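Structure file final-v2.cif; described as mmCIF, C-alpha atoms.
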```
data_data
loop_
_atom_site.label_atom_id
_atom_site.label_comp_id
_atom_site.auth_asym_id
_atom_site.auth_seq_id
_atom_site.Cartn_x
_atom_site.Cartn_y
_atom_site.Cartn_z
CA MET A 1396 91.41 109.42 85.66
CA ARG A 1397 94.44 107.67 87.15
CA GLU A 1398 92.17 104.99 88.55
CA THR A 1399 90.68 104.32 85.09
CA ILE A 1400 94.08 103.93 83.41
CA GLY A 1401 95.20 101.55 86.15
CA ILE A 1402 92.04 99.45 85.82
CA LEU A 1403 92.60 99.27 82.04
CA PHE A 1404 96.16 97.96 82.57
CA MET A 1405 94.84 95.40 85.07
CA PHE A 1406 92.18 94.25 82.59
CA ALA A 1407 94.83 93.71 79.89
CA GLY A 1408 96.95 91.81 82.40
CA VAL A 1409 94.12 89.48 83.35
CA VAL A 1410 93.45 88.81 79.64
CA PHE A 1411 97.12 87.83 79.16
CA ASP A 1412 96.96 85.59 82.25
CA ALA A 1413 93.89 83.81 80.89
CA ILE A 1414 95.58 83.28 77.50
CA GLY A 1415 98.63 81.81 79.22
CA CYS A 1416 96.53 79.34 81.19
CA VAL A 1417 94.56 78.32 78.09
CA GLY A 1418 97.89 77.68 76.39
CA LEU A 1419 98.99 75.58 79.36
CA VAL A 1420 96.02 73.27 78.71
CA ARG A 1421 95.87 73.41 74.93
CA LEU A 1422 99.39 73.07 73.50
CA PRO A 1423 100.68 69.55 72.80
CA ASP A 1424 104.24 69.52 74.13
CA LEU A 1425 106.15 70.41 77.29
CA TYR A 1426 108.51 72.92 75.65
CA ASN A 1427 105.72 74.81 73.86
CA ARG A 1428 103.63 74.85 77.02
CA LEU A 1429 106.62 76.16 79.00
CA GLN A 1430 107.20 79.04 76.59
CA ALA A 1431 103.58 80.05 76.08
CA SER A 1432 102.45 79.91 79.68
CA LEU A 1433 105.51 81.50 81.29
CA LYS A 1434 105.77 84.34 78.76
CA CYS A 1435 102.08 85.22 78.79
CA VAL A 1436 101.64 84.88 82.56
CA ALA A 1437 104.76 86.95 83.31
CA MET A 1438 103.50 89.65 80.93
CA GLY A 1439 100.07 89.63 82.55
CA THR A 1440 101.42 89.84 86.09
CA SER A 1441 103.80 92.64 85.07
CA MET A 1442 100.87 94.59 83.63
CA ILE A 1443 98.83 94.08 86.81
CA LEU A 1444 101.74 95.33 88.93
CA PHE A 1445 102.18 98.33 86.60
CA GLY A 1446 98.50 99.16 87.03
CA THR A 1447 98.98 98.93 90.79
CA MET A 1448 101.90 101.35 90.49
CA ILE A 1449 99.77 103.83 88.52
CA ILE A 1450 96.87 103.69 90.99
CA ALA A 1451 99.01 103.93 94.13
CA GLY A 1452 101.44 106.61 92.91
CA PHE A 1453 104.56 107.45 94.94
CA SER A 1454 103.79 105.63 98.16
CA ALA A 1455 104.92 102.46 99.92
CA VAL A 1456 102.53 100.35 97.85
CA GLY A 1457 103.89 101.81 94.61
CA ALA A 1458 107.53 101.21 95.62
CA LYS A 1459 106.82 97.61 96.56
CA ALA A 1460 104.94 97.02 93.31
CA PHE A 1461 107.97 98.38 91.40
CA LEU A 1462 110.30 96.01 93.28
CA CYS A 1463 107.96 93.10 92.52
CA LEU A 1464 107.97 94.03 88.82
CA ILE A 1465 111.78 94.04 88.70
CA PHE A 1466 111.93 90.68 90.48
CA ILE A 1467 109.47 89.13 88.04
CA LEU A 1468 111.39 90.45 85.04
CA ILE A 1469 114.59 88.87 86.40
CA ILE A 1470 113.06 85.65 87.73
CA SER A 1471 110.85 84.36 84.94
CA PRO A 1472 113.41 83.89 82.10
CA THR A 1473 115.80 82.26 84.57
CA THR A 1474 113.23 79.69 85.68
CA GLU A 1475 112.26 79.14 82.04
CA HIS A 1476 115.85 78.26 81.07
CA ALA A 1477 116.35 76.10 84.17
CA LEU A 1478 113.15 74.10 83.62
CA ALA A 1479 113.85 73.58 79.88
CA ARG A 1480 117.39 72.36 80.53
CA ALA A 1481 116.34 70.08 83.40
CA SER A 1482 113.52 68.48 81.46
CA TYR A 1483 115.72 67.88 78.39
CA ILE A 1484 118.32 66.16 80.56
CA ALA A 1485 115.58 64.18 82.30
CA GLY A 1486 114.57 62.81 78.90
CA VAL A 1487 111.25 64.46 78.09
CA LYS A 1488 110.49 63.79 74.40
CA LEU A 1489 109.73 66.47 71.83
CA TRP A 1490 106.35 66.53 70.07
CA GLU A 1491 105.93 64.14 67.09
CA GLY A 1492 105.35 67.08 64.71
CA SER A 1493 108.75 68.66 65.47
CA ILE A 1494 110.78 69.21 62.34
CA ILE A 1495 114.38 69.25 63.57
CA ASP A 1496 116.40 68.31 66.67
CA ARG A 1497 119.98 69.52 66.32
CA LEU A 1498 120.96 68.69 69.90
CA LYS A 1499 120.17 64.99 69.46
CA GLN A 1500 121.99 64.86 66.09
CA ASP A 1501 125.10 66.52 67.50
CA SER A 1502 125.27 64.35 70.59
CA GLN A 1503 124.95 61.22 68.43
CA ASN A 1504 127.70 62.44 66.09
CA ASN A 1505 130.09 63.05 68.94
CA GLY A 1506 129.37 59.65 70.43
CA THR A 1507 128.51 61.21 73.77
CA GLY A 1508 124.78 60.64 73.56
CA LYS A 1509 122.88 59.84 76.68
CA MET B 1282 140.95 96.75 96.32
CA LYS B 1283 138.32 94.35 94.99
CA LYS B 1284 136.87 94.03 98.47
CA LEU B 1285 136.65 97.79 98.90
CA ILE B 1286 134.87 98.29 95.56
CA LEU B 1287 132.40 95.46 96.29
CA ALA B 1288 131.62 96.96 99.71
CA PHE B 1289 131.01 100.38 98.13
CA LEU B 1290 128.69 98.91 95.47
CA SER B 1291 126.64 96.94 97.98
CA MET B 1292 126.32 100.08 100.15
CA VAL B 1293 124.91 101.97 97.13
CA ILE B 1294 122.43 99.16 96.43
CA TRP B 1295 121.37 99.12 100.10
CA ILE B 1296 120.68 102.86 100.12
CA LEU B 1297 118.67 102.54 96.90
CA LEU B 1298 116.63 99.76 98.52
CA VAL B 1299 116.02 101.59 101.79
CA TRP B 1300 115.29 105.05 100.46
CA PRO B 1301 111.79 104.58 98.93
CA PHE B 1302 110.37 102.90 102.03
CA SER B 1303 111.29 105.60 104.50
CA SER B 1304 109.71 108.49 102.53
CA GLY B 1305 112.77 110.63 101.88
CA ASP B 1306 114.81 110.82 105.09
CA VAL B 1307 117.05 107.85 105.90
CA ASP B 1308 117.67 107.38 109.62
CA TRP B 1309 121.02 106.40 111.19
CA HIS B 1310 119.98 102.86 112.12
CA SER B 1311 119.48 101.88 108.48
CA ILE B 1312 122.80 103.39 107.40
CA GLY B 1313 124.62 101.64 110.27
CA ILE B 1314 123.16 98.28 109.32
CA GLY B 1315 124.07 98.94 105.67
CA VAL B 1316 127.72 99.74 106.49
CA PHE B 1317 128.02 96.62 108.68
CA ALA B 1318 126.43 94.30 106.08
CA SER B 1319 128.43 95.71 103.15
CA ILE B 1320 131.75 95.32 105.00
CA ILE B 1321 130.87 91.70 105.77
CA VAL B 1322 129.88 91.09 102.12
CA GLY B 1323 133.13 92.67 100.90
CA ILE B 1324 135.29 90.52 103.17
CA LEU B 1325 133.46 87.27 102.40
CA PHE B 1326 132.92 87.52 98.64
CA GLY B 1327 135.71 89.86 97.52
CA ASN B 1328 137.86 87.11 96.07
CA ALA B 1329 135.02 85.63 94.03
CA PHE B 1330 134.19 89.03 92.51
CA THR B 1331 134.81 89.90 88.87
CA ASP B 1332 138.43 90.12 87.72
CA SER B 1333 138.25 93.70 86.41
CA PRO B 1334 136.25 95.76 88.91
CA TYR B 1335 137.18 99.15 87.40
CA LYS B 1336 134.58 98.60 84.68
CA PHE B 1337 131.91 99.56 87.21
CA PHE B 1338 133.08 103.17 87.13
CA GLU B 1339 132.73 103.77 83.39
CA ILE B 1340 129.57 105.81 82.98
CA LYS B 1341 129.00 104.82 79.32
CA ARG B 1342 128.15 101.25 80.28
CA TYR B 1343 125.17 102.37 82.38
CA PHE B 1344 123.58 104.13 79.40
CA TRP B 1345 123.95 100.92 77.38
CA LEU B 1346 122.32 99.10 80.32
CA VAL B 1347 119.29 101.40 80.11
CA TYR B 1348 119.10 100.74 76.35
CA PHE B 1349 119.33 97.00 77.03
CA VAL B 1350 116.38 97.19 79.43
CA VAL B 1351 114.30 98.99 76.78
CA VAL B 1352 115.13 96.38 74.12
CA PHE B 1353 114.43 93.58 76.63
CA VAL B 1354 110.97 94.88 77.58
CA TRP B 1355 110.02 95.50 73.94
CA SER B 1356 111.09 91.98 72.97
CA PHE B 1357 109.09 90.64 75.95
CA LEU B 1358 105.94 92.41 74.71
CA GLU B 1359 106.49 91.13 71.17
CA ALA B 1360 106.98 87.55 72.39
CA SER B 1361 103.83 87.47 74.51
CA VAL B 1362 101.63 88.95 71.77
CA ASP B 1363 103.10 86.41 69.34
CA PHE B 1364 102.25 83.53 71.67
CA ALA B 1365 98.79 84.91 72.36
CA TYR B 1366 98.14 84.77 68.60
CA ARG B 1367 99.43 81.21 68.37
CA VAL B 1368 97.36 79.96 71.31
CA LEU B 1369 94.08 81.56 70.26
CA HIS B 1370 94.33 80.52 66.58
CA PRO B 1371 92.08 77.47 65.98
CA ASP B 1372 94.68 75.57 63.92
CA LEU B 1373 97.65 75.99 66.34
CA PRO B 1374 100.24 77.30 63.82
CA ILE B 1375 103.39 75.90 65.45
CA ARG B 1376 106.38 74.13 63.87
CA PRO B 1377 108.64 73.38 66.84
CA GLY B 1378 112.17 72.09 66.91
CA ILE B 1379 115.64 72.58 68.39
CA ILE B 1380 118.20 74.58 66.39
CA LYS B 1381 121.76 75.66 67.05
CA VAL B 1382 123.11 79.19 67.19
CA LYS B 1383 126.55 80.53 68.00
CA THR B 1384 127.66 83.45 70.11
CA LYS B 1385 130.75 85.64 70.12
CA LEU B 1386 130.72 86.48 73.82
CA LYS B 1387 133.70 85.11 75.73
CA ARG B 1388 133.01 85.67 79.41
CA LYS B 1389 130.84 83.32 81.44
CA SER B 1390 128.63 86.05 82.88
CA GLY B 1391 127.88 87.37 79.41
CA ILE B 1392 126.85 83.95 78.13
CA ALA B 1393 124.63 83.38 81.18
CA ILE B 1394 122.84 86.73 80.73
CA LEU B 1395 122.44 86.03 77.00
CA ALA B 1396 120.96 82.58 77.63
CA ASN B 1397 118.51 84.02 80.12
CA SER B 1398 117.42 86.89 77.92
CA ILE B 1399 116.84 84.61 74.93
CA GLY B 1400 114.00 83.24 77.06
CA PHE B 1401 112.12 86.44 76.24
CA ALA B 1402 112.90 86.57 72.51
CA PRO B 1403 109.80 85.79 70.41
CA GLY B 1404 109.17 82.06 70.52
CA ALA B 1405 112.52 80.87 71.81
CA VAL B 1406 113.98 79.27 74.93
CA SER B 1407 117.58 78.14 75.35
CA VAL B 1408 117.92 74.47 76.22
CA GLU B 1409 121.64 73.72 76.46
CA ILE B 1410 124.94 75.63 76.34
CA VAL B 1411 127.99 73.85 74.90
CA ASP B 1412 131.13 76.00 74.67
CA GLY B 1413 130.24 78.87 72.34
CA PHE B 1414 127.12 77.29 70.88
CA LEU B 1415 123.58 77.63 72.22
CA TYR B 1416 120.86 75.11 71.46
CA ILE B 1417 117.49 76.88 71.44
CA HIS B 1418 113.97 75.49 71.12
CA MET B 1419 111.80 77.62 68.83
CA ALA B 1420 108.06 77.37 68.44
CA CYS B 1421 107.94 78.37 64.78
CA ILE B 1422 111.11 77.71 62.82
CA ARG B 1423 111.81 79.84 59.76
CA TYR B 1424 115.55 79.24 59.36
CA LYS B 1425 117.20 75.89 59.99
CA ASP B 1426 120.71 77.12 59.21
CA THR B 1427 122.98 78.26 62.04
CA ASP B 1428 124.01 81.64 60.61
CA ASP B 1429 120.52 82.81 59.62
CA ALA B 1430 119.05 81.85 62.98
CA THR B 1431 121.92 83.63 64.74
CA ALA B 1432 121.18 86.81 62.82
CA VAL B 1433 117.49 86.66 63.76
CA VAL B 1434 117.52 85.61 67.39
CA VAL B 1435 120.86 86.32 69.05
CA ARG B 1436 122.18 89.45 67.36
CA ARG B 1437 119.90 91.98 68.98
CA PHE B 1438 120.95 91.11 72.53
CA GLU B 1439 124.57 90.20 71.81
CA ARG B 1440 125.41 93.55 70.22
CA ILE B 1441 124.43 95.42 73.40
CA LEU B 1442 125.79 92.90 75.91
CA ALA B 1443 129.21 93.07 74.30
CA ARG B 1444 129.30 96.80 74.97
CA ILE B 1445 128.09 96.44 78.55
CA LEU B 1446 130.31 93.62 79.73
CA GLU B 1447 133.41 93.51 77.55
CA MET C 894 85.43 95.76 88.79
CA ILE C 895 88.34 94.36 90.80
CA GLU C 896 86.11 91.57 92.15
CA PHE C 897 85.24 90.51 88.59
CA LEU C 898 88.94 90.40 87.61
CA MET C 899 89.71 88.28 90.68
CA VAL C 900 86.96 85.80 89.71
CA VAL C 901 88.52 85.47 86.24
CA LEU C 902 91.92 84.80 87.86
CA VAL C 903 90.37 82.05 90.02
CA CYS C 904 89.10 80.36 86.83
CA CYS C 905 92.69 80.50 85.46
CA VAL C 906 93.93 78.85 88.65
CA PHE C 907 91.54 75.96 88.00
CA LEU C 908 93.06 75.50 84.52
CA CYS C 909 96.52 75.27 86.15
CA LEU C 910 95.21 72.72 88.66
CA PHE C 911 93.87 70.66 85.74
CA ARG C 912 97.37 70.52 84.24
CA ILE C 913 98.87 69.58 87.63
CA ALA C 914 96.39 66.71 88.00
CA ARG C 915 96.69 65.52 84.40
CA GLY C 916 100.33 66.15 83.37
CA PRO C 917 102.06 63.08 81.95
CA THR C 918 105.53 63.75 83.37
CA ALA C 919 106.87 65.42 86.47
CA SER C 920 108.25 68.36 84.45
CA ASP C 921 104.72 69.36 83.38
CA ARG C 922 103.73 69.60 87.01
CA ALA C 923 106.80 71.70 87.78
CA VAL C 924 105.87 74.15 85.00
CA ALA C 925 102.28 74.41 86.26
CA ILE C 926 103.52 75.02 89.81
CA ASP C 927 105.74 77.85 88.57
CA VAL C 928 102.86 79.48 86.67
CA LEU C 929 100.64 79.18 89.75
CA GLY C 930 103.32 80.84 91.86
CA ILE C 931 103.54 83.83 89.53
CA MET C 932 99.76 84.26 89.63
CA VAL C 933 99.78 84.44 93.42
CA VAL C 934 101.76 87.70 93.06
CA ALA C 935 98.89 89.10 90.97
CA PHE C 936 96.44 88.16 93.74
CA GLY C 937 98.64 90.01 96.22
CA ALA C 938 98.53 93.16 94.07
CA PHE C 939 94.73 92.95 93.77
CA MET C 940 94.20 92.49 97.50
CA SER C 941 96.58 95.35 98.26
CA ILE C 942 94.62 97.73 95.99
CA LYS C 943 91.25 96.55 97.30
CA THR C 944 92.03 96.94 101.02
CA GLU C 945 94.60 99.77 100.61
CA ASN C 946 97.02 97.90 102.82
CA GLU C 947 100.65 97.27 101.88
CA PHE C 948 100.89 94.03 103.86
CA TYR C 949 99.66 91.84 100.98
CA LEU C 950 102.23 93.25 98.58
CA THR C 951 105.05 92.51 101.04
CA THR C 952 103.79 88.93 101.19
CA ALA C 953 103.79 88.80 97.37
CA LEU C 954 107.41 90.05 97.28
CA VAL C 955 108.60 87.33 99.65
CA TRP C 956 106.47 84.74 97.83
CA SER C 957 108.05 85.52 94.45
CA LEU C 958 111.58 85.03 95.83
CA LEU C 959 110.61 81.79 97.60
CA ASN C 960 108.94 80.52 94.42
CA PHE C 961 112.12 81.23 92.45
CA ILE C 962 114.33 79.30 94.88
CA GLY C 963 111.83 76.44 95.03
CA VAL C 964 111.59 76.02 91.26
CA LEU C 965 115.38 76.12 90.89
CA ALA C 966 115.73 73.37 93.51
CA LEU C 967 113.00 71.36 91.77
CA SER C 968 114.78 71.62 88.41
CA LYS C 969 118.09 70.53 89.94
CA PHE C 970 116.27 67.53 91.37
CA LEU C 971 114.69 66.70 87.98
CA GLU C 972 118.10 66.80 86.25
CA ASN C 973 119.55 64.05 88.37
CA ARG C 974 116.60 61.73 88.71
CA GLY C 975 114.55 61.71 85.52
CA PHE C 976 111.58 59.98 87.08
CA ASP C 977 108.32 59.45 85.18
CA ASP C 978 105.10 58.57 86.87
#
```
Take the structure in the file and give it back as structure tokens.
Amino acid sequence: MRETIGILFMFAGVVFDAIGCVGLVRLPDLYNRLQASLKCVAMGTSMILFGTMIIAGFSAVGAKAFLCLIFILIISPTTEHALARASYIAGVKLWEGSIIDRLKQDSQNNGTGK
Amino acid sequence: MKKLILAFLSMVIWILLVWPFSSGDVDWHSIGIGVFASIIVGILFGNAFTDSPYKFFEIKRYFWLVYFVVVFVWSFLEASVDFAYRVLHPDLPIRPGIIKVKTKLKRKSGIAILANSIGFAPGAVSVEIVDGFLYIHMACIRYKDTDDATAVVVRRFERILARILE
Amino acid sequence: MIEFLMVVLVCCVFLCLFRIARGPTASDRAVAIDVLGIMVVAFGAFMSIKTENEFYLTTALVWSLLNFIGVLALSKFLENRGFDD
């Protein structure tokens, strides 16, 4: 029974991972790709680690899977913010279909544009 | 005093880290290493610690922390399902752009945690922080105005973080 | 069942490698490297369940921390340089 529930969580996690990687290829712009792939892949890996926790129970494997889950929940939004900020400063353009860019407007108004 | 409180907190974290791996009984070697390392950490980093360390002993803040974790994980689930829908739809329903929101948090640690947790709000990532205002990139923009976007994206984390940290 | 899931994950890794080979700017490659690093943790969990050995999960723990530090250093480097290739 416990094995089956764990395998179901792992299956859902692999589906989320696959969706994240399809988004990494399919979306048109760096910022959209960053959001889609990091969110979906972090969700999928968290689900796989949760399934590992359910299968292993209270043992050394389960404790390490729990630590890994906490690390991934802390790490992935931090890297997302760091990569978005770095690539905006490095001058990566937005997609042509974007409808508004307040950061560019404000930096031109203040006269401190790059 | 700051150094003593920091050493005590790092000792607690060390025991919580060691305890699950040794199946219940903690031996004296681990506790000795923990005391040594936490005294060194307290001496080295005590002056760079937070300016009001007595906040760590108010129990109410820890319950708000648990509530924050629940809200964070729920928002994470919502965001990934939202993006799964957008990626698998054949027409790619995205309308991206960068908008500006404001925050009421004053302390630097609060703003940093807010900017990192916006990364898991549905369809948003924070790009730049300029004193009190956050510039966020959203994948599907509904509100271009600053106040409406603040009410949608920022409010749910800011309300709890203000009670934890300030 | 676990073998089938691992084969699907290997196909996902090939999609990431396509973005690393193709990506127009250096930031795209950094994003793909980060995604690849998170998926290695999933491989560690699968191997640890399959062989019932905790060694692979310890490796995944250390790998996630090293990946975090590496991506932060890479983003600091991208901020200052702004190179396109």
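Interatomic distance, atom CA of Asp1428 of chain B to atom CA of Ile1375 of chain B: 21.9 Å.
The shortest atom-to-atom distance to Cys1416 of chain A, with all atoms listed in the file taken into account, belongs to B:Leu1369 out of B:Ser1356, B:Leu1369, B:Leu1446, B:Tyr1348.
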- Query: If we count only C-alpha atoms, what is near Leu1464 of chain A at a cut-off of 8 Å, once residues fewer than 4 positions away on the same chain are taken out, given as a PyMOL selection string?
  - Reply: chain A and resi 1441+1444-1445+1460+1468
Since we have the selection now, will you write its residues out, keeping C-alpha atoms, as a CSV table (one decimal), keeping the file's coordinate frame?
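Saved to result.csv:
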```csv
chain,number,residue,atom,x,y,z
A,1441,SER,CA,103.8,92.6,85.1
A,1444,LEU,CA,101.7,95.3,88.9
A,1445,PHE,CA,102.2,98.3,86.6
A,1460,ALA,CA,104.9,97.0,93.3
A,1468,LEU,CA,111.4,90.4,85.0
```
- Item | Å distance separating atom CA of Ile1286 of chain B from atom CA of Gly1323 of chain B, one decimal place | 7.9 Å
- May I have the protein, DNA and RNA residues with any atom at most 12 Å from the point (115.5, 82.2, 88.1), counting all atoms listed in the file, written as a PyMOL selection string? (chain A and resi 1466-1478) or (chain B and resi 1393-1394+1396-1398+1400) or (chain C and resi 927+957-968)
